[in-house]
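Peer 1: Take a look at this one; I'll ask things after.
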Amino acid sequence: MTTKNIAIVYGGFSGERVISEKSAHLVQKHLDIEKYNSYLIDIDHHAWTAWFNGNSYPVSKDDFSVIIEGEKINFDGVFNAVHGTPGEDGKLQGYFDVINMPYNNCDVLSSAMSFNKLTCNLFLAGAGIKVAKSHLVRLGHEYDKKAIIKKLGLPCFVKPCDGGSSIGVTKVKKEEDFDEAIRYAQEEGVDALIESFLDGMEVSCGCININGQAKAVAVTEIVPANEFFDYESKYTADGTQEITPARLPKERYDEVMRLTEVIYLYLNCKGMIRVDFMVCDDATYMIEPNTTPGLSDASILPQQAIYAGYDLETFFDISLSEMFVDHSKVDKN
């Protein structure tokens, strides 16, 4: 068996850098060392840096290679653990496509479309997926606060249209808090998306590509320590409960699993994703897909994989193995 050189890229240009680094270290810890030589690559505004045995080495952007102790390392593929830009919005994928480097997650179009919440919602709503009512406020544009509140009601959620990990999200209960919420969201992203409040159980469902087919992993119920599943509830609060399997009736649980696979296919996803939903009395609403989901010890998808019977070495190996297979050329018969 030929051992493949895998670059685990992490970091990025957003407030999700800290979580990204934790994801990368967990992935490296669980990769099969008989199959993969793994190298951590920090993607930063100023430099791309490989870390090996505690030492740093500059990465060449010409061919995405690195010289370590006098030896040039060429990578066979990339495990993308960059949450937020440029790893979740398609920018990094575009670079890898240009140099013909395989990677384990969604391509440029799928990543860009899913990362922009309004674009994703409009696209999936057209395919019959239920989403919250919303309104977009462009950076630098005036808006009619009273008209938006009349349309969506209070409370409502204001969030960056192009962000993740609940950074920049505010639950607005009073009209006088609306402008500050817009400012906060636009500080973290570019445009602000306002969404109507959905009253229900928040759940999240992972999905992975196995032999060219979307396979939902498990559904996790989220009981946040704070009023909603914000950054603190996700990563620092002790009181948050992530319950797998979610305490849903079987038909609602199966519905979330099915919807996750449908969304995976509609967005033409690859690798691992996670989709967040609100299960309400009247229907199940998609909140957002995450095409580069968190993989730290505190993240939901690794918990789901273990519940579903995978060890993390196998789960990550599935994701890496799939990127070397062109399923369009595989005989389905």
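In the structure tokens, the first chain shown is A, the next is B, and so on; residue numbers restart at 1 for each chain, and ligands run from 1 in the order shown.
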Quick one: everything within 10 Å of stretch 148-153 of chain A, counting only C-alpha atoms, minus sequence neighbours fewer than 2 positions away in the same chain. Send it as a ChimeraX atom specification.
Peer 2: /A:132-137,143-146,155-157,172-175,178,194-197
Peer 1: If you run DSSP on this backbone, which residues of stretch 127-332 of chain A come out as strand (DSSP E or B), and could you give them as a ChimeraX atom specification?
Peer 2: /A:131,134-137,156-160,170-172,192-196,201-210,213-223,241-243,272-279,284-290
Peer 1: What are the nearest atom pairs, with distances in Å to one decimal, for all residues of stretch 67-114 of chain A that come at most 10 Å from stretch 244-268 of chain A, using only C-alpha atoms, set out by chain and rising residue number as JSON lines?
Peer 2:
```
{"residue": "A:Cys106", "atom": "CA", "partner": "A:Asn268", "partner_atom": "CA", "distance": 7.6}
{"residue": "A:Asp107", "atom": "CA", "partner": "A:Asn268", "partner_atom": "CA", "distance": 8.5}
{"residue": "A:Leu109", "atom": "CA", "partner": "A:Leu267", "partner_atom": "CA", "distance": 8.6}
{"residue": "A:Ser110", "atom": "CA", "partner": "A:Leu267", "partner_atom": "CA", "distance": 5.6}
{"residue": "A:Ser111", "atom": "CA", "partner": "A:Leu267", "partner_atom": "CA", "distance": 8.6}
{"residue": "A:Met113", "atom": "CA", "partner": "A:Leu267", "partner_atom": "CA", "distance": 8.0}
{"residue": "A:Ser114", "atom": "CA", "partner": "A:Leu267", "partner_atom": "CA", "distance": 7.5}
```
Peer 1: Mind checking which residues fall within 8 Å of A:Asn74, counting only C-alpha atoms, ignoring those fewer than 3 positions away in the same chain, and posting them as a PDB file with N, CA and C atoms, in the first residue's frame?
Peer 2:
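Output below, filename around24.pdb:
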```pdb
ATOM      1  N   ASN A   5       0.418  11.440   1.000  1.00  0.00           N
ATOM      2  CA  ASN A   5       0.689  12.667   1.744  1.00  0.00           C
ATOM      3  C   ASN A   5      -0.564  13.534   1.751  1.00  0.00           C
ATOM      4  N   PHE A  64       1.470  24.177  -4.218  1.00  0.00           N
ATOM      5  CA  PHE A  64       1.047  23.702  -2.900  1.00  0.00           C
ATOM      6  C   PHE A  64       1.979  22.586  -2.401  1.00  0.00           C
ATOM      7  N   SER A  65       3.247  22.885  -2.393  1.00  0.00           N
ATOM      8  CA  SER A  65       4.257  21.956  -1.880  1.00  0.00           C
ATOM      9  C   SER A  65       5.020  22.630  -0.754  1.00  0.00           C
ATOM     10  N   VAL A  66       5.817  21.846  -0.042  1.00  0.00           N
ATOM     11  CA  VAL A  66       6.609  22.385   1.056  1.00  0.00           C
ATOM     12  C   VAL A  66       7.924  21.615   1.129  1.00  0.00           C
TER      13      VAL A  66
END
```
Peer 1: DSSP on the backbone, helix (DSSP H, G or I) only: what residues of stretch 46-246 of chain A does that give? Format it as a ChimeraX atom specification.
Peer 2: /A:91-98,108-115,117-126,145-152,175-188,231-235
Peer 1: Just checking: using only C-alpha atoms, which residue out of A:Ala192, A:Met201, A:Leu26, A:Ala81 ends up closest to A:Thr284?
Peer 2: A:Met201
